[in-house]
Every structure is written in structure tokens, then in C-alpha cells.
Amino acid sequence: MPNESLTSQLVPHLSLLATLRNTGNVTRTAEILGVPQPTVSRRLAALGHALGAPLTVPDGRGVRLTRAAELLADAAERALPMVDAGVRLAREEIEPASGRVVLGFLHLLGRSLVPGLLRAYREQAPAARFTLVQGSLQGMIDRLVSGELDLAVLAPVVADDRLETVVLDKQPIHLSVPAGHRLAGRHSVRVTELADEPFVLLEHGYGLRRITDDLCAAAGFTPKVAFEGQESDTVRGLVGAGLGVALLPRFEPGSPAGVAEVPLYPPVHRTIGLAWRTGEPLSPAVQAFRDHVLGMTD
């Protein structure tokens, strides 16, 4: 019999061999494993047949393992702690109260939204564990579809047949300009007024970049790119240094030093939503967190 076939038969009975070596008694082994004695005897006979030699020999009122069976029992005792550890991890992974959720989100949402969601959930499930992954909108979509993420908080919410999404909130988009800029004191500004302005933009693949490009295109121009970055805080810092203007969500709790925020007219908002893979069952831990987040929006 090939080794692989013997292994496949042996694996379900690792505990049997390890226990029998310690007890030297079939009846006691059956009691410990919680199975009938004839079942243990049949399993030993089947393993012996697969190996091509008996696994036990009589020893007084009990039995002892043959040399070949001792080698298998050694392997079983080394493997069992690893299997036990794997079982514990698997249970923790899916148990809602202590399971792990891999959550992706955009950098800007890590300022207050995501911490608020996690804080509220940990109040009812203090043992819950999270792995947090940040990146661009397109990066989050790709990693969610590939299975690297369980859930993702996206902005804006995208139409993608591979994903199910629920809108959690809407954020107003404002024009950020240097404090001394000609538009800094305005009550509102139209995107058409920005055609000649240098823009500080997030790189392609970020949701805010897509929003900015679309708004400018609708206004009849392509933004003049002065700088591109990967984080909105960096973009704001460059705006505050007088290096350009940007379209960004309103900064909370107030405008940062050196930056003035002006509402757009007509008003512009971006949607924020929670996304997961279409048609794929969620683990209990992931489902519990998802349902909690969705319940906060009701």
C-alpha cells in the first residue's frame, strides 16, 4: 500500500495509538476515547492490515505495541499537539465572541469612523480580534475579491457584481485651499472656478482621486496636477504649504492650521459603505461584526 494511503487511514486514529501506548489496555483505551471496545479492536485490525503487520502483541493481561506501531505512535504524539493547537485556532477563528475579522479600509477612514466601529463592537465582544489593513479604494476591492479581506469599508461605494455593499454614511466634500487663498473666505465655490488652479491629488486608484477627476471632467476641464500623494493628511499638508488646492472630506473637528475649507456648490458628498464578497458565506465571527455594523446604521 502506498505511504499516502496508509497515512490517510492513520490520521483519524492518532489518538488511538497514542492512548493505547500509555494504557496498554484496549478496554481502558476505549473508555478514554469514548468508543466501544469492539470499535477500537476493529480499528487496530484495519490499521494492521493496511500496514501489513499487527500493531499489538499480547502482554500479560494487556497488550503492547509492536516496534512498527511504536514508530507510528511516536509520530502520533508529536502530531497531536499541533493538531490540538490548530483546532483551538480554528475555533477561535470562527467563534463570534473571540474570532478574528480581517477588515480593510481607506487611510482617511482610520481617523474616526473605523475606530468608532471597533470600539462599539468590542464593548459587546471584548475578546473579538481584528487584523486591520489600509490602502487605496482599488487596493481594498482587489484584496477583498481575492479573499485576503473578510470585510472592507469603502468610499465611495462602488457597483461591482462581485461585492455586496451597504451604505453606512455620506460625507460632504469640500474644497481645501491655503488659508490666504483668494477663495478662502467664500461661502461656497463651484468646481468650474477651479480650472486654473494647481491641484494636490491622491494617486490613481484612490476614491477621492476618482471623485475629483469626475467632478472636474463634468465641469469641462482636467485638473492641473501639482503633486500626488497616498494619504489625505499629506495632501492637506501640501495644501497648507500653499502648493495647491484639493477636494477632500471636511476635516474634523475643524479645519487644520493653514487650510481653509469651502463648501462646494452644488453640494457634493461621497458614500461610505461596508462590502463583502457576493454569495460567499461568512464565518460566525465576521457575520457577527458585519451585523453589528449594519445595525448601527438602522
# chains A, B, ... in the order shown; residues from 1 in each chain; ligands from 1

call {"tool": "select_by_dssp", "arguments": {"residues": "segment 107-234 of chain A", "states": "helix (DSSP H, G or I)", "output": "ChimeraX atom specification"}}
result
/A:107-110,113-124,137-146,191-194,207-218,232-234

call {"tool": "write_last_selection", "arguments": {"atoms": "C-alpha atoms", "output": "PDB file, in the first residue's frame"}}
result
ATOM      1  CA  HIS A 107      -6.494  55.595   5.263  1.00  0.00           C
ATOM      2  CA  LEU A 108      -8.791  58.552   5.893  1.00  0.00           C
ATOM      3  CA  LEU A 109     -11.445  56.346   7.476  1.00  0.00           C
ATOM      4  CA  GLY A 110      -8.949  55.328  10.152  1.00  0.00           C
ATOM      5  CA  LEU A 113     -15.050  56.090  11.628  1.00  0.00           C
ATOM      6  CA  VAL A 114     -13.305  52.713  11.876  1.00  0.00           C
ATOM      7  CA  PRO A 115     -12.043  53.228  15.463  1.00  0.00           C
ATOM      8  CA  GLY A 116     -15.606  54.125  16.437  1.00  0.00           C
ATOM      9  CA  LEU A 117     -16.994  50.946  14.881  1.00  0.00           C
ATOM     10  CA  LEU A 118     -14.369  48.800  16.594  1.00  0.00           C
ATOM     11  CA  ARG A 119     -14.839  50.456  19.981  1.00  0.00           C
ATOM     12  CA  ALA A 120     -18.606  49.932  19.884  1.00  0.00           C
ATOM     13  CA  TYR A 121     -18.228  46.277  18.902  1.00  0.00           C
ATOM     14  CA  ARG A 122     -15.556  45.494  21.481  1.00  0.00           C
ATOM     15  CA  GLU A 123     -17.911  46.760  24.184  1.00  0.00           C
ATOM     16  CA  GLN A 124     -20.178  43.782  23.494  1.00  0.00           C
ATOM     17  CA  LEU A 137     -10.021  52.049  -2.835  1.00  0.00           C
ATOM     18  CA  GLN A 138      -8.899  49.821  -5.700  1.00  0.00           C
ATOM     19  CA  GLY A 139      -6.458  48.007  -3.436  1.00  0.00           C
ATOM     20  CA  MET A 140      -9.234  47.239  -0.942  1.00  0.00           C
ATOM     21  CA  ILE A 141     -11.525  45.970  -3.711  1.00  0.00           C
ATOM     22  CA  ASP A 142      -8.809  43.721  -5.138  1.00  0.00           C
ATOM     23  CA  ARG A 143      -7.871  42.273  -1.750  1.00  0.00           C
ATOM     24  CA  LEU A 144     -11.492  41.752  -0.794  1.00  0.00           C
ATOM     25  CA  VAL A 145     -12.278  39.901  -4.024  1.00  0.00           C
ATOM     26  CA  SER A 146      -9.127  37.762  -3.702  1.00  0.00           C
ATOM     27  CA  VAL A 191     -15.903  73.367  -9.429  1.00  0.00           C
ATOM     28  CA  THR A 192     -15.821  75.348 -12.694  1.00  0.00           C
ATOM     29  CA  GLU A 193     -13.960  78.106 -10.811  1.00  0.00           C
ATOM     30  CA  LEU A 194     -11.014  75.763 -10.219  1.00  0.00           C
ATOM     31  CA  GLY A 207     -11.663  57.023  -4.275  1.00  0.00           C
ATOM     32  CA  LEU A 208     -11.083  60.741  -3.771  1.00  0.00           C
ATOM     33  CA  ARG A 209      -8.978  60.843  -6.923  1.00  0.00           C
ATOM     34  CA  ARG A 210     -11.836  59.312  -8.861  1.00  0.00           C
ATOM     35  CA  ILE A 211     -14.297  61.811  -7.385  1.00  0.00           C
ATOM     36  CA  THR A 212     -12.020  64.750  -8.185  1.00  0.00           C
ATOM     37  CA  ASP A 213     -11.381  63.615 -11.761  1.00  0.00           C
ATOM     38  CA  ASP A 214     -15.105  63.050 -12.355  1.00  0.00           C
ATOM     39  CA  LEU A 215     -16.119  66.436 -10.921  1.00  0.00           C
ATOM     40  CA  CYS A 216     -13.517  68.257 -12.971  1.00  0.00           C
ATOM     41  CA  ALA A 217     -14.498  66.384 -16.113  1.00  0.00           C
ATOM     42  CA  ALA A 218     -18.144  67.308 -15.538  1.00  0.00           C
ATOM     43  CA  SER A 232      -5.169  62.661   2.604  1.00  0.00           C
ATOM     44  CA  ASP A 233      -3.249  64.123   5.565  1.00  0.00           C
ATOM     45  CA  THR A 234      -0.232  64.568   3.299  1.00  0.00           C
TER      46      THR A 234
END

call {"tool": "residues_around", "arguments": {"residues": "Leu163 of chain A", "least_positions_apart": "6", "cutoff": "7 Å", "atoms": "only C-alpha atoms", "output": "number ranges by chain"}}
result
A: 275-278

call {"tool": "write_last_selection", "arguments": {"atoms": "N, CA and C atoms", "output": "mmCIF file, in the first residue's frame"}}
result
data_model
loop_
_atom_site.group_PDB
_atom_site.id
_atom_site.type_symbol
_atom_site.label_atom_id
_atom_site.label_comp_id
_atom_site.auth_asym_id
_atom_site.auth_seq_id
_atom_site.Cartn_x
_atom_site.Cartn_y
_atom_site.Cartn_z
ATOM 1 N N ALA A 275 -18.486 46.422 2.619
ATOM 2 C CA ALA A 275 -18.553 45.487 1.491
ATOM 3 C C ALA A 275 -18.020 44.121 1.882
ATOM 4 N N TRP A 276 -18.592 43.084 1.238
ATOM 5 C CA TRP A 276 -18.115 41.712 1.402
ATOM 6 C C TRP A 276 -18.379 40.973 0.087
ATOM 7 N N ARG A 277 -17.811 39.792 -0.046
ATOM 8 C CA ARG A 277 -17.907 39.058 -1.305
ATOM 9 C C ARG A 277 -19.322 38.524 -1.537
ATOM 10 N N THR A 278 -19.793 38.675 -2.759
ATOM 11 C CA THR A 278 -21.136 38.230 -3.121
ATOM 12 C C THR A 278 -21.257 36.708 -3.066
#

call {"tool": "closest_residue", "arguments": {"among": "A:Pro253, A:Pro172, A:Pro284, A:Gly180", "to": "Tyr265 of chain A", "atoms": "only C-alpha atoms"}}
result
A:Pro172

call {"tool": "select_by_dssp", "arguments": {"residues": "segment 1-157 of chain A", "states": "strand (DSSP E or B)", "output": "mmCIF file with C-alpha atoms, in the first residue's frame"}}
result
data_model
loop_
_atom_site.group_PDB
_atom_site.id
_atom_site.type_symbol
_atom_site.label_atom_id
_atom_site.label_comp_id
_atom_site.auth_asym_id
_atom_site.auth_seq_id
_atom_site.Cartn_x
_atom_site.Cartn_y
_atom_site.Cartn_z
ATOM 1 C CA THR A 56 -0.115 -5.083 19.012
ATOM 2 C CA VAL A 57 1.075 -8.227 20.727
ATOM 3 C CA PRO A 58 -0.240 -9.758 23.981
ATOM 4 C CA ASP A 59 1.487 -8.580 27.135
ATOM 5 C CA GLY A 62 -2.999 -6.286 28.239
ATOM 6 C CA VAL A 63 -1.210 -5.521 25.021
ATOM 7 C CA ARG A 64 1.832 -3.620 23.912
ATOM 8 C CA LEU A 65 2.645 -2.003 20.617
ATOM 9 C CA ARG A 100 -10.790 37.139 14.097
ATOM 10 C CA VAL A 101 -12.010 39.572 11.444
ATOM 11 C CA VAL A 102 -9.709 40.862 8.695
ATOM 12 C CA LEU A 103 -11.006 44.363 7.989
ATOM 13 C CA GLY A 104 -9.792 46.648 5.222
ATOM 14 C CA PHE A 105 -10.395 50.391 4.985
ATOM 15 C CA LEU A 106 -9.112 53.561 3.386
ATOM 16 C CA ARG A 129 -9.796 40.099 17.392
ATOM 17 C CA PHE A 130 -9.121 42.204 14.315
ATOM 18 C CA THR A 131 -6.458 42.373 11.654
ATOM 19 C CA LEU A 132 -6.588 45.840 10.080
ATOM 20 C CA VAL A 133 -5.443 46.525 6.533
ATOM 21 C CA GLN A 134 -5.274 50.006 4.964
ATOM 22 C CA GLY A 135 -4.865 51.076 1.372
ATOM 23 C CA LEU A 151 -14.866 42.903 5.026
ATOM 24 C CA ALA A 152 -13.901 46.348 3.770
ATOM 25 C CA VAL A 153 -15.097 49.871 4.484
ATOM 26 C CA LEU A 154 -15.053 51.636 1.110
#

call {"tool": "closest_residue", "arguments": {"among": "A:Val26, A:Gln9, A:Ser112, A:Arg61", "to": "Pro38 of chain A", "atoms": "only C-alpha atoms"}}
result
A:Val26

call {"tool": "decode", "arguments": {"residues": "segment 168-215 of chain A", "atoms": "N, CA and C atoms", "output": "CSV table (one decimal), in the first residue's frame"}}
result
chain,number,residue,atom,x,y,z
A,168,LEU,N,-23.2,53.1,4.7
A,168,LEU,CA,-23.2,53.4,6.1
A,168,LEU,C,-23.4,54.9,6.4
A,169,ASP,N,-22.9,55.7,5.5
A,169,ASP,CA,-22.9,57.2,5.8
A,169,ASP,C,-22.6,57.9,4.5
A,170,LYS,N,-22.8,59.2,4.6
A,170,LYS,CA,-22.4,60.1,3.5
A,170,LYS,C,-21.5,61.2,4.1
A,171,GLN,N,-20.4,61.6,3.4
A,171,GLN,CA,-19.5,62.6,3.8
A,171,GLN,C,-19.5,63.8,2.8
A,172,PRO,N,-19.7,65.0,3.3
A,172,PRO,CA,-19.6,66.2,2.4
A,172,PRO,C,-18.1,66.3,1.9
A,173,ILE,N,-18.0,66.7,0.6
A,173,ILE,CA,-16.7,67.0,0.1
A,173,ILE,C,-16.5,68.5,0.0
A,174,HIS,N,-15.5,69.1,0.5
A,174,HIS,CA,-15.2,70.5,0.5
A,174,HIS,C,-13.9,70.8,-0.3
A,175,LEU,N,-13.8,72.0,-0.7
A,175,LEU,CA,-12.6,72.5,-1.3
A,175,LEU,C,-11.6,72.9,-0.2
A,176,SER,N,-10.4,72.3,-0.2
A,176,SER,CA,-9.4,72.8,0.7
A,176,SER,C,-8.4,73.7,0.0
A,177,VAL,N,-8.2,74.9,0.5
A,177,VAL,CA,-7.3,75.8,-0.1
A,177,VAL,C,-6.3,76.4,1.0
A,178,PRO,N,-5.2,76.9,0.6
A,178,PRO,CA,-4.3,77.6,1.6
A,178,PRO,C,-5.1,78.7,2.3
A,179,ALA,N,-4.8,79.0,3.6
A,179,ALA,CA,-5.5,80.0,4.3
A,179,ALA,C,-5.6,81.3,3.7
A,180,GLY,N,-4.6,81.7,2.9
A,180,GLY,CA,-4.6,83.0,2.3
A,180,GLY,C,-5.1,83.0,0.9
A,181,HIS,N,-5.6,82.0,0.4
A,181,HIS,CA,-6.1,81.8,-1.0
A,181,HIS,C,-7.2,82.7,-1.3
A,182,ARG,N,-7.4,83.1,-2.5
A,182,ARG,CA,-8.5,84.0,-3.0
A,182,ARG,C,-9.9,83.5,-2.7
A,183,LEU,N,-10.0,82.2,-2.6
A,183,LEU,CA,-11.3,81.6,-2.3
A,183,LEU,C,-11.5,81.2,-0.9
A,184,ALA,N,-10.6,81.5,0.0
A,184,ALA,CA,-10.6,81.0,1.4
A,184,ALA,C,-11.8,81.6,2.1
A,185,GLY,N,-12.3,82.8,1.8
A,185,GLY,CA,-13.3,83.4,2.6
A,185,GLY,C,-14.7,83.2,2.0
A,186,ARG,N,-14.8,82.4,0.9
A,186,ARG,CA,-16.1,82.3,0.2
A,186,ARG,C,-17.0,81.3,1.0
A,187,HIS,N,-18.3,81.6,0.8
A,187,HIS,CA,-19.3,80.7,1.5
A,187,HIS,C,-19.5,79.4,0.7
A,188,SER,N,-19.2,79.4,-0.6
A,188,SER,CA,-19.2,78.2,-1.4
A,188,SER,C,-18.5,78.5,-2.7
A,189,VAL,N,-18.2,77.5,-3.5
A,189,VAL,CA,-17.4,77.7,-4.7
A,189,VAL,C,-17.9,76.6,-5.7
A,190,ARG,N,-17.9,76.9,-7.0
A,190,ARG,CA,-18.3,76.0,-8.0
A,190,ARG,C,-17.0,75.3,-8.5
A,191,VAL,N,-17.1,74.1,-8.9
A,191,VAL,CA,-15.9,73.4,-9.4
A,191,VAL,C,-15.4,74.0,-10.7
A,192,THR,N,-16.3,74.7,-11.5
A,192,THR,CA,-15.8,75.3,-12.7
A,192,THR,C,-14.8,76.5,-12.4
A,193,GLU,N,-14.9,77.0,-11.2
A,193,GLU,CA,-14.0,78.1,-10.8
A,193,GLU,C,-12.5,77.6,-10.5
A,194,LEU,N,-12.3,76.3,-10.6
A,194,LEU,CA,-11.0,75.8,-10.2
A,194,LEU,C,-10.2,75.3,-11.4
A,195,ALA,N,-10.6,75.7,-12.6
A,195,ALA,CA,-10.0,75.2,-13.8
A,195,ALA,C,-8.5,75.6,-13.9
A,196,ASP,N,-8.2,76.8,-13.4
A,196,ASP,CA,-6.8,77.2,-13.5
A,196,ASP,C,-6.0,77.0,-12.2
A,197,GLU,N,-6.5,76.3,-11.3
A,197,GLU,CA,-5.8,76.1,-10.0
A,197,GLU,C,-4.9,74.8,-10.1
A,198,PRO,N,-3.7,74.9,-9.5
A,198,PRO,CA,-2.9,73.6,-9.3
A,198,PRO,C,-3.6,72.7,-8.3
A,199,PHE,N,-3.7,71.4,-8.6
A,199,PHE,CA,-4.3,70.5,-7.6
A,199,PHE,C,-3.2,69.6,-7.0
A,200,VAL,N,-3.5,69.4,-5.7
A,200,VAL,CA,-2.8,68.3,-5.0
A,200,VAL,C,-3.8,67.1,-4.9
A,201,LEU,N,-3.4,66.0,-5.5
A,201,LEU,CA,-4.3,64.9,-5.6
A,201,LEU,C,-3.7,63.6,-5.0
A,202,LEU,N,-4.6,62.7,-4.6
A,202,LEU,CA,-4.3,61.4,-4.3
A,202,LEU,C,-4.0,60.6,-5.6
A,203,GLU,N,-3.2,59.6,-5.5
A,203,GLU,CA,-2.8,58.8,-6.7
A,203,GLU,C,-4.0,58.1,-7.3
A,204,HIS,N,-3.9,57.7,-8.6
A,204,HIS,CA,-5.0,56.9,-9.2
A,204,HIS,C,-5.2,55.6,-8.4
A,205,GLY,N,-6.4,55.2,-8.3
A,205,GLY,CA,-6.8,54.1,-7.5
A,205,GLY,C,-7.5,54.4,-6.2
A,206,TYR,N,-7.3,55.7,-5.8
A,206,TYR,CA,-8.0,56.2,-4.6
A,206,TYR,C,-9.3,56.8,-4.9
A,207,GLY,N,-10.3,56.6,-4.0
A,207,GLY,CA,-11.7,57.0,-4.3
A,207,GLY,C,-11.8,58.5,-4.5
A,208,LEU,N,-11.0,59.3,-3.7
A,208,LEU,CA,-11.1,60.7,-3.8
A,208,LEU,C,-10.5,61.2,-5.1
A,209,ARG,N,-9.5,60.5,-5.6
A,209,ARG,CA,-9.0,60.8,-6.9
A,209,ARG,C,-10.0,60.6,-8.0
A,210,ARG,N,-10.8,59.6,-7.9
A,210,ARG,CA,-11.8,59.3,-8.9
A,210,ARG,C,-12.9,60.4,-8.8
A,211,ILE,N,-13.3,60.8,-7.6
A,211,ILE,CA,-14.3,61.8,-7.4
A,211,ILE,C,-13.8,63.1,-8.0
A,212,THR,N,-12.6,63.5,-7.7
A,212,THR,CA,-12.0,64.8,-8.2
A,212,THR,C,-12.0,64.8,-9.7
A,213,ASP,N,-11.5,63.7,-10.3
A,213,ASP,CA,-11.4,63.6,-11.8
A,213,ASP,C,-12.8,63.7,-12.4
A,214,ASP,N,-13.7,63.0,-11.8
A,214,ASP,CA,-15.1,63.0,-12.4
A,214,ASP,C,-15.7,64.4,-12.2
A,215,LEU,N,-15.5,65.1,-11.1
A,215,LEU,CA,-16.1,66.4,-10.9
A,215,LEU,C,-15.5,67.4,-11.9
